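Engineer: So here's data_31.txt (compact mmCIF, C-alpha atoms).
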```
# COMPACT_ATOMS: atom_id res chain seq x y z
CA MET Y 1102 110.83 -22.16 -11.08
CA SER Y 1103 111.80 -25.47 -12.63
CA SER Y 1104 113.74 -27.81 -10.38
CA THR Y 1105 117.19 -26.68 -11.44
CA VAL Y 1106 116.78 -22.98 -12.35
CA LYS Y 1107 117.60 -20.81 -9.32
CA ALA Y 1108 118.37 -17.49 -11.01
CA LEU Y 1109 117.41 -15.68 -14.20
CA VAL Y 1110 120.09 -13.49 -15.74
CA PHE Y 1111 119.13 -10.96 -18.40
CA ASP Y 1112 121.10 -9.49 -21.23
CA VAL Y 1113 120.17 -5.85 -21.83
CA TYR Y 1114 120.68 -4.51 -25.38
CA GLY Y 1115 118.12 -6.04 -27.72
CA THR Y 1116 116.76 -8.21 -24.93
CA MET Y 1117 115.08 -5.69 -22.61
CA PHE Y 1118 115.66 -2.56 -24.71
CA ASP Y 1119 115.22 -1.83 -28.40
CA VAL Y 1120 118.67 -0.73 -29.52
CA LEU Y 1121 117.37 0.62 -32.81
CA SER Y 1122 115.39 3.23 -30.90
CA ILE Y 1123 118.64 5.22 -31.24
CA SER Y 1124 117.46 5.97 -34.77
CA GLU Y 1125 115.12 8.64 -33.43
CA ALA Y 1126 118.00 10.73 -32.06
CA CYS Y 1127 119.93 10.06 -35.28
CA GLU Y 1128 116.98 11.29 -37.33
CA GLU Y 1129 116.88 14.55 -35.39
CA LYS Y 1130 120.54 15.14 -36.08
CA PHE Y 1131 120.58 13.78 -39.66
CA PRO Y 1132 117.09 14.25 -41.14
CA GLY Y 1133 116.18 11.53 -43.62
CA LYS Y 1134 119.15 9.39 -42.60
CA GLY Y 1135 118.27 8.43 -39.02
CA GLU Y 1136 117.49 4.80 -39.72
CA GLU Y 1137 120.62 4.05 -41.73
CA VAL Y 1138 122.87 5.95 -39.31
CA GLY Y 1139 121.29 4.04 -36.39
CA LYS Y 1140 121.56 0.64 -38.06
CA THR Y 1141 125.19 1.04 -39.06
CA TRP Y 1142 125.99 2.48 -35.64
CA HIS Y 1143 124.63 -0.62 -33.93
CA SER Y 1144 126.09 -3.16 -36.35
CA LYS Y 1145 129.55 -1.57 -36.11
CA GLN Y 1146 129.18 -1.39 -32.33
CA MET Y 1147 128.80 -5.17 -32.26
CA GLU Y 1148 131.58 -5.74 -34.78
CA TYR Y 1149 134.02 -3.50 -32.90
CA LEU Y 1150 133.13 -5.15 -29.60
CA PHE Y 1151 134.09 -8.52 -31.05
CA LEU Y 1152 137.21 -7.19 -32.75
CA HIS Y 1153 138.55 -5.54 -29.60
CA GLN Y 1154 138.03 -8.78 -27.68
CA LEU Y 1155 139.63 -10.84 -30.46
CA MET Y 1156 142.67 -8.56 -30.52
CA GLY Y 1157 143.01 -8.68 -26.74
CA LYS Y 1158 142.48 -4.94 -26.64
CA TYR Y 1159 139.71 -4.20 -24.17
CA ILE Y 1160 138.13 -0.75 -24.04
CA PRO Y 1161 134.83 0.03 -22.27
CA PHE Y 1162 131.61 -0.35 -24.23
CA SER Y 1163 131.00 3.39 -23.99
CA GLU Y 1164 134.20 3.94 -25.99
CA VAL Y 1165 133.33 1.17 -28.46
CA THR Y 1166 129.95 2.84 -28.93
CA LYS Y 1167 131.57 6.17 -29.74
CA GLU Y 1168 133.99 4.58 -32.23
CA ALA Y 1169 131.03 2.95 -33.99
CA LEU Y 1170 129.12 6.24 -34.02
CA ARG Y 1171 132.10 7.97 -35.65
CA PHE Y 1172 132.20 5.30 -38.35
CA SER Y 1173 128.48 5.53 -39.06
CA VAL Y 1174 128.47 9.31 -39.29
CA LYS Y 1175 131.50 9.27 -41.60
CA GLU Y 1176 129.84 6.58 -43.72
CA HIS Y 1177 126.39 8.08 -44.10
CA ALA Y 1178 126.70 11.78 -43.38
CA GLU Y 1179 130.27 12.42 -44.50
CA GLU Y 1180 131.04 14.67 -41.60
CA GLU Y 1181 132.70 14.63 -38.21
CA LEU Y 1182 130.87 15.39 -35.00
CA ASP Y 1183 132.45 17.61 -32.37
CA ALA Y 1184 132.73 16.23 -28.85
CA ALA Y 1185 129.45 17.77 -27.65
CA GLU Y 1186 127.48 16.44 -30.65
CA GLU Y 1187 129.02 13.01 -30.17
CA GLN Y 1188 128.11 13.01 -26.49
CA GLY Y 1189 124.57 14.13 -27.34
CA LEU Y 1190 123.99 11.19 -29.67
CA PHE Y 1191 125.77 8.77 -27.34
CA GLU Y 1192 123.25 9.63 -24.63
CA ALA Y 1193 120.51 8.05 -26.75
CA PHE Y 1194 121.91 4.80 -25.38
CA LEU Y 1195 120.99 5.90 -21.84
CA ARG Y 1196 117.29 6.17 -22.65
CA LEU Y 1197 116.62 3.34 -25.11
CA ALA Y 1198 113.00 2.28 -25.43
CA PRO Y 1199 112.21 -0.80 -23.35
CA TYR Y 1200 110.19 -3.53 -25.05
CA PRO Y 1201 106.50 -3.27 -24.03
CA GLU Y 1202 106.33 -6.47 -21.98
CA VAL Y 1203 109.40 -5.88 -19.79
CA ALA Y 1204 107.93 -4.00 -16.83
CA ASP Y 1205 105.01 -6.40 -16.37
CA MET Y 1206 107.26 -9.47 -16.79
CA LEU Y 1207 109.70 -8.18 -14.17
CA GLY Y 1208 106.79 -7.36 -11.86
CA GLN Y 1209 105.42 -10.88 -12.12
CA LEU Y 1210 108.85 -12.39 -11.43
CA LYS Y 1211 109.39 -10.12 -8.42
CA GLY Y 1212 110.92 -11.99 -5.51
CA LYS Y 1213 112.87 -14.32 -7.84
CA GLU Y 1214 116.63 -14.10 -8.13
CA LEU Y 1215 117.04 -11.77 -11.11
CA SER Y 1216 120.26 -10.18 -12.39
CA VAL Y 1217 121.50 -8.25 -15.37
CA PHE Y 1218 124.72 -9.18 -17.15
CA SER Y 1219 125.79 -6.98 -20.03
CA ASN Y 1220 128.68 -5.96 -22.24
CA GLY Y 1221 127.67 -2.39 -21.35
CA SER Y 1222 129.95 -0.48 -19.03
CA HIS Y 1223 128.35 0.84 -15.84
CA ASN Y 1224 128.29 4.40 -17.18
CA MET Y 1225 125.82 3.15 -19.83
CA LEU Y 1226 124.09 0.31 -18.05
CA ASP Y 1227 123.23 1.86 -14.70
CA PRO Y 1228 121.52 5.01 -16.06
CA LEU Y 1229 119.63 2.96 -18.66
CA VAL Y 1230 118.17 0.52 -16.14
CA GLU Y 1231 117.55 3.35 -13.67
CA ASN Y 1232 115.84 5.60 -16.25
CA ALA Y 1233 113.49 2.74 -17.09
CA GLY Y 1234 112.68 2.22 -13.41
CA TYR Y 1235 113.90 -1.39 -13.28
CA THR Y 1236 116.78 -1.16 -10.79
CA SER Y 1237 114.85 -2.49 -7.80
CA PHE Y 1238 113.92 -5.73 -9.61
CA PHE Y 1239 117.53 -6.88 -9.80
CA SER Y 1240 119.80 -8.22 -7.10
CA GLY Y 1241 122.80 -7.45 -9.31
CA ILE Y 1242 123.59 -5.24 -12.28
CA ILE Y 1243 126.79 -6.82 -13.48
CA SER Y 1244 129.01 -5.47 -16.24
CA VAL Y 1245 131.83 -7.19 -18.12
CA ASP Y 1246 133.75 -3.99 -17.47
CA GLU Y 1247 134.44 -5.36 -13.98
CA ILE Y 1248 136.60 -8.10 -15.55
CA LYS Y 1249 137.35 -6.44 -18.92
CA GLN Y 1250 136.36 -9.46 -20.98
CA PHE Y 1251 133.44 -9.09 -23.37
CA LYS Y 1252 130.80 -11.73 -23.86
CA PRO Y 1253 130.88 -14.32 -25.39
CA SER Y 1254 134.31 -15.09 -23.90
CA LEU Y 1255 134.33 -17.90 -21.34
CA TYR Y 1256 135.98 -15.57 -18.81
CA SER Y 1257 133.02 -13.21 -18.91
CA TYR Y 1258 130.43 -15.87 -18.05
CA GLN Y 1259 132.76 -17.36 -15.43
CA TYR Y 1260 132.94 -13.95 -13.78
CA LEU Y 1261 129.14 -13.79 -13.70
CA LEU Y 1262 128.95 -17.25 -12.17
CA ASN Y 1263 131.46 -16.32 -9.48
CA LYS Y 1264 129.40 -13.24 -8.65
CA ILE Y 1265 126.11 -15.07 -8.23
CA GLY Y 1266 127.55 -18.16 -6.55
CA LEU Y 1267 125.46 -20.89 -8.15
CA LYS Y 1268 126.15 -23.93 -10.31
CA HIS Y 1269 126.23 -23.54 -14.10
CA GLU Y 1270 122.96 -25.36 -14.67
CA GLU Y 1271 121.14 -23.35 -11.98
CA VAL Y 1272 121.37 -20.23 -14.13
CA LEU Y 1273 118.90 -19.48 -16.89
CA PHE Y 1274 120.60 -16.99 -19.17
CA VAL Y 1275 118.20 -14.88 -21.23
CA SER Y 1276 119.19 -13.00 -24.38
CA SER Y 1277 117.76 -11.98 -27.73
CA ASN Y 1278 121.25 -12.19 -29.22
CA ASN Y 1279 121.83 -15.64 -30.65
CA TRP Y 1280 125.62 -15.30 -30.20
CA ASP Y 1281 125.14 -14.46 -26.51
CA VAL Y 1282 122.85 -17.43 -25.95
CA ALA Y 1283 125.38 -19.64 -27.77
CA GLY Y 1284 128.18 -18.30 -25.58
CA ALA Y 1285 126.18 -18.89 -22.41
CA LYS Y 1286 125.25 -22.39 -23.56
CA ASN Y 1287 128.89 -23.09 -24.44
CA PHE Y 1288 129.80 -22.09 -20.87
CA GLY Y 1289 127.18 -24.44 -19.40
CA PHE Y 1290 124.21 -22.25 -18.48
CA GLN Y 1291 120.65 -23.08 -19.35
CA THR Y 1292 119.59 -20.64 -22.03
CA ALA Y 1293 116.48 -18.91 -23.33
CA TRP Y 1294 116.65 -17.17 -26.69
CA ILE Y 1295 114.17 -14.33 -27.11
CA ASN Y 1296 113.66 -14.54 -30.83
CA ARG Y 1297 111.69 -11.35 -31.45
CA LYS Y 1298 112.32 -11.24 -35.17
CA LYS Y 1299 111.72 -14.90 -36.03
CA GLN Y 1300 115.34 -15.32 -37.01
CA THR Y 1301 116.86 -18.60 -38.15
CA VAL Y 1302 118.73 -20.28 -35.31
CA ASP Y 1303 122.49 -20.33 -35.76
CA GLU Y 1304 124.37 -23.47 -36.77
CA LEU Y 1305 127.01 -23.36 -34.07
CA GLY Y 1306 126.06 -26.66 -32.45
CA LEU Y 1307 124.88 -24.64 -29.41
CA ASP Y 1308 121.10 -24.52 -29.72
CA PRO Y 1309 119.18 -22.66 -27.01
CA ASP Y 1310 117.30 -24.75 -24.44
CA PHE Y 1311 114.23 -22.53 -24.81
CA ILE Y 1312 113.06 -20.19 -27.55
CA PHE Y 1313 110.37 -17.57 -26.91
CA ASP Y 1314 108.87 -14.82 -29.06
CA ASP Y 1315 109.26 -12.29 -26.26
CA LEU Y 1316 110.03 -12.11 -22.54
CA THR Y 1317 106.56 -13.22 -21.41
CA GLY Y 1318 107.77 -16.75 -22.13
CA LEU Y 1319 109.78 -16.49 -18.92
CA LEU Y 1320 106.63 -16.41 -16.81
CA LYS Y 1321 106.74 -20.20 -16.70
CA TRP Y 1322 109.42 -19.71 -14.03
CA LYS Y 1323 107.36 -17.37 -11.88
CA MET G 1487 161.51 -2.87 -51.44
CA SER G 1488 161.46 0.03 -48.98
CA SER G 1489 164.21 0.04 -46.40
CA THR G 1490 162.31 -1.86 -43.73
CA VAL G 1491 159.94 -4.19 -45.65
CA LYS G 1492 161.60 -7.59 -46.15
CA ALA G 1493 158.57 -9.79 -46.77
CA LEU G 1494 155.06 -9.38 -48.13
CA VAL G 1495 152.41 -11.59 -46.56
CA PHE G 1496 149.06 -11.98 -48.30
CA ASP G 1497 145.65 -12.75 -46.92
CA VAL G 1498 143.64 -14.95 -49.29
CA TYR G 1499 139.84 -14.65 -49.11
CA GLY G 1500 138.72 -11.32 -50.53
CA THR G 1501 142.33 -10.24 -51.03
CA MET G 1502 143.53 -12.51 -53.85
CA PHE G 1503 140.22 -14.30 -54.53
CA ASP G 1504 136.66 -13.07 -54.89
CA VAL G 1505 134.75 -14.94 -52.19
CA LEU G 1506 131.39 -13.97 -53.65
CA SER G 1507 132.22 -16.01 -56.74
CA ILE G 1508 130.65 -18.84 -54.68
CA SER G 1509 127.31 -17.36 -55.74
CA GLU G 1510 127.65 -19.04 -59.14
CA ALA G 1511 127.60 -22.52 -57.61
CA CYS G 1512 124.79 -21.44 -55.30
CA GLU G 1513 122.78 -20.21 -58.30
CA GLU G 1514 123.12 -23.58 -60.02
CA LYS G 1515 121.80 -25.32 -56.93
CA PHE G 1516 119.19 -22.69 -55.97
CA PRO G 1517 118.09 -20.91 -59.16
CA GLY G 1518 117.15 -17.28 -58.55
CA LYS G 1519 118.63 -17.32 -55.04
CA GLY G 1520 122.33 -17.77 -55.73
CA GLU G 1521 123.38 -14.28 -54.79
CA GLU G 1522 121.55 -14.14 -51.47
CA VAL G 1523 122.61 -17.68 -50.51
CA GLY G 1524 126.22 -16.78 -51.34
CA LYS G 1525 126.18 -13.48 -49.45
CA THR G 1526 124.67 -14.93 -46.28
CA TRP G 1527 127.00 -17.92 -46.53
CA HIS G 1528 130.02 -15.64 -46.53
CA SER G 1529 128.78 -13.21 -43.88
CA LYS G 1530 127.89 -16.07 -41.52
CA GLN G 1531 131.23 -17.71 -42.27
CA MET G 1532 132.98 -14.61 -40.94
CA GLU G 1533 130.63 -14.25 -37.98
CA TYR G 1534 131.05 -17.91 -36.96
CA LEU G 1535 134.82 -17.68 -37.34
CA PHE G 1536 134.86 -14.79 -34.86
CA LEU G 1537 132.39 -16.46 -32.50
CA HIS G 1538 134.33 -19.71 -32.31
CA GLN G 1539 137.50 -17.78 -31.53
CA LEU G 1540 135.71 -15.64 -28.94
CA MET G 1541 134.31 -18.73 -27.23
CA GLY G 1542 137.69 -20.45 -27.22
CA LYS G 1543 136.22 -23.19 -29.36
CA TYR G 1544 138.45 -23.67 -32.39
CA ILE G 1545 137.26 -25.74 -35.32
CA PRO G 1546 138.92 -25.71 -38.76
CA PHE G 1547 137.72 -23.16 -41.30
CA SER G 1548 136.40 -25.95 -43.51
CA GLU G 1549 133.97 -26.88 -40.72
CA VAL G 1550 133.07 -23.23 -40.04
CA THR G 1551 132.35 -22.87 -43.75
CA LYS G 1552 129.98 -25.85 -43.70
CA GLU G 1553 128.14 -24.53 -40.61
CA ALA G 1554 127.64 -21.21 -42.38
CA LEU G 1555 126.43 -22.95 -45.52
CA ARG G 1556 123.86 -24.88 -43.49
CA PHE G 1557 122.58 -21.64 -41.99
CA SER G 1558 122.31 -19.90 -45.33
CA VAL G 1559 120.48 -22.77 -47.00
CA LYS G 1560 118.07 -23.02 -44.06
CA GLU G 1561 117.54 -19.25 -44.16
CA HIS G 1562 116.97 -18.79 -47.87
CA ALA G 1563 115.98 -22.15 -49.30
CA GLU G 1564 114.25 -23.71 -46.32
CA GLU G 1565 115.78 -27.07 -46.87
CA GLU G 1566 118.62 -29.25 -45.66
CA LEU G 1567 121.38 -30.48 -47.92
CA ASP G 1568 122.58 -34.06 -47.73
CA ALA G 1569 126.29 -34.66 -47.18
CA ALA G 1570 127.09 -34.97 -50.89
CA GLU G 1571 125.24 -31.76 -51.80
CA GLU G 1572 126.96 -29.93 -48.96
CA GLN G 1573 130.36 -31.15 -50.11
CA GLY G 1574 129.54 -30.13 -53.68
CA LEU G 1575 128.80 -26.54 -52.70
CA PHE G 1576 131.72 -26.43 -50.25
CA GLU G 1577 134.08 -27.22 -53.11
CA ALA G 1578 133.20 -23.86 -54.68
CA PHE G 1579 135.67 -22.50 -52.12
CA LEU G 1580 138.46 -24.53 -53.75
CA ARG G 1581 138.08 -22.77 -57.09
CA LEU G 1582 137.18 -19.19 -56.23
CA ALA G 1583 137.80 -16.64 -58.96
CA PRO G 1584 141.09 -14.79 -58.49
CA TYR G 1585 141.01 -11.03 -58.95
CA PRO G 1586 142.23 -10.10 -62.42
CA GLU G 1587 145.48 -8.40 -61.38
CA VAL G 1588 146.80 -11.15 -59.08
CA ALA G 1589 148.81 -13.29 -61.51
CA ASP G 1590 150.62 -10.36 -63.08
CA MET G 1591 151.31 -8.73 -59.71
CA LEU G 1592 152.80 -11.96 -58.33
CA GLY G 1593 154.84 -12.38 -61.50
CA GLN G 1594 156.31 -8.89 -61.15
CA LEU G 1595 157.17 -9.48 -57.49
CA LYS G 1596 158.81 -12.82 -58.29
CA GLY G 1597 162.01 -13.32 -56.36
CA LYS G 1598 160.72 -11.30 -53.39
CA GLU G 1599 159.91 -12.98 -50.09
CA LEU G 1600 156.18 -13.67 -50.47
CA SER G 1601 153.95 -15.72 -48.17
CA VAL G 1602 150.30 -16.48 -47.64
CA PHE G 1603 148.71 -16.35 -44.20
CA SER G 1604 145.06 -17.27 -43.96
CA ASN G 1605 142.29 -18.35 -41.63
CA GLY G 1606 141.65 -21.11 -44.16
CA SER G 1607 142.63 -24.63 -43.20
CA HIS G 1608 145.11 -26.39 -45.50
CA ASN G 1609 142.39 -28.57 -47.01
CA MET G 1610 140.86 -25.35 -48.41
CA LEU G 1611 143.89 -23.16 -48.86
CA ASP G 1612 146.31 -25.48 -50.63
CA PRO G 1613 143.95 -26.61 -53.42
CA LEU G 1614 142.75 -23.03 -53.97
CA VAL G 1615 146.24 -21.60 -54.42
CA GLU G 1616 147.29 -24.64 -56.46
CA ASN G 1617 144.22 -24.53 -58.74
CA ALA G 1618 144.99 -20.88 -59.49
CA GLY G 1619 148.61 -21.76 -60.32
CA TYR G 1620 150.13 -19.50 -57.66
CA THR G 1621 151.91 -22.02 -55.42
CA SER G 1622 155.39 -21.46 -56.82
CA PHE G 1623 155.30 -17.72 -56.07
CA PHE G 1624 155.18 -18.29 -52.32
CA SER G 1625 157.90 -19.42 -49.94
CA GLY G 1626 155.21 -20.34 -47.40
CA ILE G 1627 151.50 -21.11 -47.40
CA ILE G 1628 150.72 -20.72 -43.73
CA SER G 1629 147.40 -21.52 -42.09
CA VAL G 1630 146.11 -20.56 -38.64
CA ASP G 1631 145.09 -24.20 -38.40
CA GLU G 1632 148.71 -24.96 -37.50
CA ILE G 1633 148.22 -23.05 -34.23
CA LYS G 1634 144.42 -23.20 -33.97
CA GLN G 1635 143.99 -19.49 -33.36
CA PHE G 1636 142.06 -17.46 -35.89
CA LYS G 1637 143.09 -14.04 -37.04
CA PRO G 1638 142.82 -11.33 -35.68
CA SER G 1639 144.08 -12.88 -32.42
CA LEU G 1640 147.58 -11.82 -31.39
CA TYR G 1641 148.62 -15.47 -31.19
CA SER G 1642 147.86 -16.01 -34.87
CA TYR G 1643 150.10 -13.17 -36.09
CA GLN G 1644 152.80 -14.15 -33.59
CA TYR G 1645 152.80 -17.64 -35.08
CA LEU G 1646 153.25 -16.17 -38.55
CA LEU G 1647 156.13 -14.02 -37.33
CA ASN G 1648 157.83 -17.03 -35.76
CA LYS G 1649 157.49 -18.93 -39.03
CA ILE G 1650 159.04 -16.24 -41.19
CA GLY G 1651 161.70 -15.20 -38.70
CA LEU G 1652 161.74 -11.44 -39.23
CA LYS G 1653 161.05 -8.39 -37.06
CA HIS G 1654 157.48 -7.07 -36.82
CA GLU G 1655 158.14 -3.97 -38.87
CA GLU G 1656 159.91 -5.94 -41.63
CA VAL G 1657 156.61 -7.55 -42.60
CA LEU G 1658 154.12 -5.84 -44.89
CA PHE G 1659 150.80 -7.54 -44.26
CA VAL G 1660 148.34 -7.26 -47.14
CA SER G 1661 144.59 -7.78 -46.80
CA SER G 1662 141.33 -6.49 -48.21
CA ASN G 1663 139.66 -7.18 -44.86
CA ASN G 1664 139.80 -4.08 -42.71
CA TRP G 1665 139.60 -6.18 -39.50
CA ASP G 1666 142.59 -8.25 -40.63
CA VAL G 1667 144.65 -5.18 -41.42
CA ALA G 1668 143.67 -3.73 -38.03
CA GLY G 1669 144.71 -6.97 -36.31
CA ALA G 1670 148.04 -7.03 -38.14
CA LYS G 1671 148.64 -3.37 -37.32
CA ASN G 1672 147.71 -4.01 -33.67
CA PHE G 1673 150.36 -6.76 -33.63
CA GLY G 1674 153.00 -4.43 -35.08
CA PHE G 1675 153.25 -5.27 -38.77
CA GLN G 1676 153.28 -2.68 -41.51
CA THR G 1677 149.95 -2.97 -43.29
CA ALA G 1678 148.42 -2.42 -46.70
CA TRP G 1679 144.65 -2.38 -47.01
CA ILE G 1680 143.35 -3.37 -50.44
CA ASN G 1681 140.16 -1.34 -50.46
CA ARG G 1682 138.48 -2.72 -53.56
CA LYS G 1683 135.02 -1.45 -52.70
CA LYS G 1684 135.91 2.08 -51.56
CA GLN G 1685 134.77 1.27 -48.04
CA THR G 1686 135.00 3.71 -45.16
CA VAL G 1687 138.04 2.97 -43.00
CA ASP G 1688 137.19 1.57 -39.58
CA GLU G 1689 137.42 3.69 -36.42
CA LEU G 1690 139.47 1.26 -34.35
CA GLY G 1691 142.46 3.54 -33.90
CA LEU G 1692 144.44 1.13 -36.12
CA ASP G 1693 144.57 2.81 -39.51
CA PRO G 1694 146.42 0.98 -42.31
CA ASP G 1695 149.84 2.30 -43.30
CA PHE G 1696 148.94 2.06 -46.99
CA ILE G 1697 145.61 1.92 -48.81
CA PHE G 1698 145.39 0.74 -52.43
CA ASP G 1699 142.46 0.18 -54.79
CA ASP G 1700 143.82 -3.21 -55.81
CA LEU G 1701 146.97 -5.32 -55.54
CA THR G 1702 148.87 -3.45 -58.25
CA GLY G 1703 149.61 -0.87 -55.54
CA LEU G 1704 152.13 -3.36 -54.16
CA LEU G 1705 154.35 -2.98 -57.21
CA LYS G 1706 156.09 -0.10 -55.45
CA TRP G 1707 157.92 -2.85 -53.52
CA LYS G 1708 159.08 -4.72 -56.61
```
Starting from the file, give its structure as structure tokens.
Structural biologist:
Amino acid sequence: MSSTVKALVFDVYGTMFDVLSISEACEEKFPGKGEEVGKTWHSKQMEYLFLHQLMGKYIPFSEVTKEALRFSVKEHAEEELDAAEEQGLFEAFLRLAPYPEVADMLGQLKGKELSVFSNGSHNMLDPLVENAGYTSFFSGIISVDEIKQFKPSLYSYQYLLNKIGLKHEEVLFVSSNNWDVAGAKNFGFQTAWINRKKQTVDELGLDPDFIFDDLTGLLKWK
Amino acid sequence: MSSTVKALVFDVYGTMFDVLSISEACEEKFPGKGEEVGKTWHSKQMEYLFLHQLMGKYIPFSEVTKEALRFSVKEHAEEELDAAEEQGLFEAFLRLAPYPEVADMLGQLKGKELSVFSNGSHNMLDPLVENAGYTSFFSGIISVDEIKQFKPSLYSYQYLLNKIGLKHEEVLFVSSNNWDVAGAKNFGFQTAWINRKKQTVDELGLDPDFIFDDLTGLLKWK
């Protein structure tokens, strides 16, 4: 690892796992509409996450995810799911498709200090990482639910730092979400933005320290 | 007015004025791309507003608006504006098109306790309301910039309440932004959602008390 980086911390949704792989389950339930139901579900999930935090009204990510699902189904399919149907679709988030390079990247970084830090609540995060077979790579699977402050609030990253017991600049925070990288940078971490979709970097005055096309870029710290 | 409503408070952007009327100025500067530059400008403006608040990093809305403009121009036109060009486009926000029913609605409510409460900073808000000729209708033009907390934070609505000196339920808060209505409802105001685009109501457990197609719905309080 570079002289100052002592731990790599990974975001989960969009970073290690393709969130839009939920569209497959949506397509089964709503033939011909899976992609639009999935896209709106995810975009509302992010919007509601932010809004709850902004309003000081924390609820676990699993509940946020169900609220967003309800919106998307009402929007695109003009119906209401019963509790069992809702739970069935929700469970798509427990078996999201990992990006192809993740397992090999984690294998090559084995022995390094690696953690996960996510807005996901443990009832979503733990089964997802476990189902993918990644649990043993990480010394910590840390959820904002433990402090009830969503990223990108300062409190959330401070909680992470307390848990891993390092200095700000000793942490390399890795996310494909530009807002998450900006939040981590704002807090004082080193940051790597995984820019899978060649997006334009945000103009928040918080540019990432590193930008990679996918997670193999992290192998420079192996 | 109904028995409990003693004041009507209006959001500005999207509620009284059509934000996407910025596209006209964008089209002049970037022929053939005005609509997409304008749309991304506005959507990033909202995203950055939320992100700054989430990160505890307040900057005035005029600065947020310029950051968002820079992103949109980089995204769609692959160029950078100089300071004069940036200022020129920014000024489109000072002369947004009002929705057609606003002047008559305000005229009919004349004599009622009417205020404006906006995320806009005074250097944007005051000229906009003045240019449209609406200033005299309002007893207060109140900006979050006075407390440096963006809506939908609880602190922002509390500041408004302190300024107008009423009880929560005596305020009817009017906005076309579902998140703003949800925030106002979460704080304890009565709320009217101006749903101009027939959007699906959000699933935040904070449904508006009233939903109208446009601002003429408010004439029931005249």
Engineer: For Lys1175 of chain Y, list every protein, DNA or RNA residue within 8 Å, evaluated using only C-alpha atoms, and leave out those in the same chain fewer than 5 positions away; present the list as a list in words.
Structural biologist: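 In the requested format, the answer is Glu1180 and Glu1181 of chain Y; Thr1686 of chain G.
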Engineer: Find the spatial neighbours of segment 1519-1529 of chain G, counting all atoms listed in the file, within a cut-off of 12 Å - ignore same-chain residues fewer than 5 positions away - and output them as a ChimeraX atom specification.
Structural biologist: /Y:1301,1303-1304 /G:1499-1500,1504-1514,1534-1536,1547,1550-1564,1575-1576,1578-1579
Engineer: I need the chosen residues saved as a short mmCIF file (atom, residue, chain, number, x, y, z; two decimals), in the frame of the given file, with C-alpha atoms.
Structural biologist:
```cif
data_model
loop_
_atom_site.label_atom_id
_atom_site.label_comp_id
_atom_site.auth_asym_id
_atom_site.auth_seq_id
_atom_site.Cartn_x
_atom_site.Cartn_y
_atom_site.Cartn_z
CA THR Y 1301 116.86 -18.60 -38.15
CA ASP Y 1303 122.49 -20.33 -35.76
CA GLU Y 1304 124.37 -23.47 -36.77
CA TYR G 1499 139.84 -14.65 -49.11
CA GLY G 1500 138.72 -11.32 -50.53
CA ASP G 1504 136.66 -13.07 -54.89
CA VAL G 1505 134.75 -14.94 -52.19
CA LEU G 1506 131.39 -13.97 -53.65
CA SER G 1507 132.22 -16.01 -56.74
CA ILE G 1508 130.65 -18.84 -54.68
CA SER G 1509 127.31 -17.36 -55.74
CA GLU G 1510 127.65 -19.04 -59.14
CA ALA G 1511 127.60 -22.52 -57.61
CA CYS G 1512 124.79 -21.44 -55.30
CA GLU G 1513 122.78 -20.21 -58.30
CA GLU G 1514 123.12 -23.58 -60.02
CA TYR G 1534 131.05 -17.91 -36.96
CA LEU G 1535 134.82 -17.68 -37.34
CA PHE G 1536 134.86 -14.79 -34.86
CA PHE G 1547 137.72 -23.16 -41.30
CA VAL G 1550 133.07 -23.23 -40.04
CA THR G 1551 132.35 -22.87 -43.75
CA LYS G 1552 129.98 -25.85 -43.70
CA GLU G 1553 128.14 -24.53 -40.61
CA ALA G 1554 127.64 -21.21 -42.38
CA LEU G 1555 126.43 -22.95 -45.52
CA ARG G 1556 123.86 -24.88 -43.49
CA PHE G 1557 122.58 -21.64 -41.99
CA SER G 1558 122.31 -19.90 -45.33
CA VAL G 1559 120.48 -22.77 -47.00
CA LYS G 1560 118.07 -23.02 -44.06
CA GLU G 1561 117.54 -19.25 -44.16
CA HIS G 1562 116.97 -18.79 -47.87
CA ALA G 1563 115.98 -22.15 -49.30
CA GLU G 1564 114.25 -23.71 -46.32
CA LEU G 1575 128.80 -26.54 -52.70
CA PHE G 1576 131.72 -26.43 -50.25
CA ALA G 1578 133.20 -23.86 -54.68
CA PHE G 1579 135.67 -22.50 -52.12
#
```
Engineer: Using all atoms listed in the file, which residues sit within 6 Å of segment 1233-1247 of chain Y once same-chain residues fewer than 4 positions away are excluded, as a PyMOL selection string?
Structural biologist: chain Y and resi 1215-1220+1222+1251
Engineer: Which value, in Å to one decimal, gives the distance between atom CA of Gly1669 of chain G and atom CA of Asp1695 of chain G?
Structural biologist: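 One can read the atom CA of Gly1669 of chain G to atom CA of Asp1695 of chain G distance as 12.7 Å.
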Engineer: Tell me which protein, DNA and RNA residues are within 12 Å of Gly1266 of chain Y, counting only C-alpha atoms, leaving out same-chain ones fewer than 5 positions away, and put them as a JSON list (two decimals) with C-alpha atoms, in the frame of the given file.
Structural biologist:
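Just written: result.json:
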```
[["chain", "number", "residue", "atom", "x", "y", "z"],
["Y", 1107, "LYS", "CA", 117.60, -20.81, -9.32],
["Y", 1108, "ALA", "CA", 118.37, -17.49, -11.01],
["Y", 1214, "GLU", "CA", 116.63, -14.10, -8.13],
["Y", 1259, "GLN", "CA", 132.76, -17.36, -15.43],
["Y", 1260, "TYR", "CA", 132.94, -13.95, -13.78],
["Y", 1261, "LEU", "CA", 129.14, -13.79, -13.70],
["Y", 1271, "GLU", "CA", 121.14, -23.35, -11.98],
["Y", 1272, "VAL", "CA", 121.37, -20.23, -14.13]]
```
Engineer: Mind giving me the straight-line distance from atom CA of Lys1130 of chain Y to atom CA of Gly1189 of chain Y in Å, one decimal?
Structural biologist: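 Between atom CA of Lys1130 of chain Y and atom CA of Gly1189 of chain Y the gap works out to 9.7 Å.
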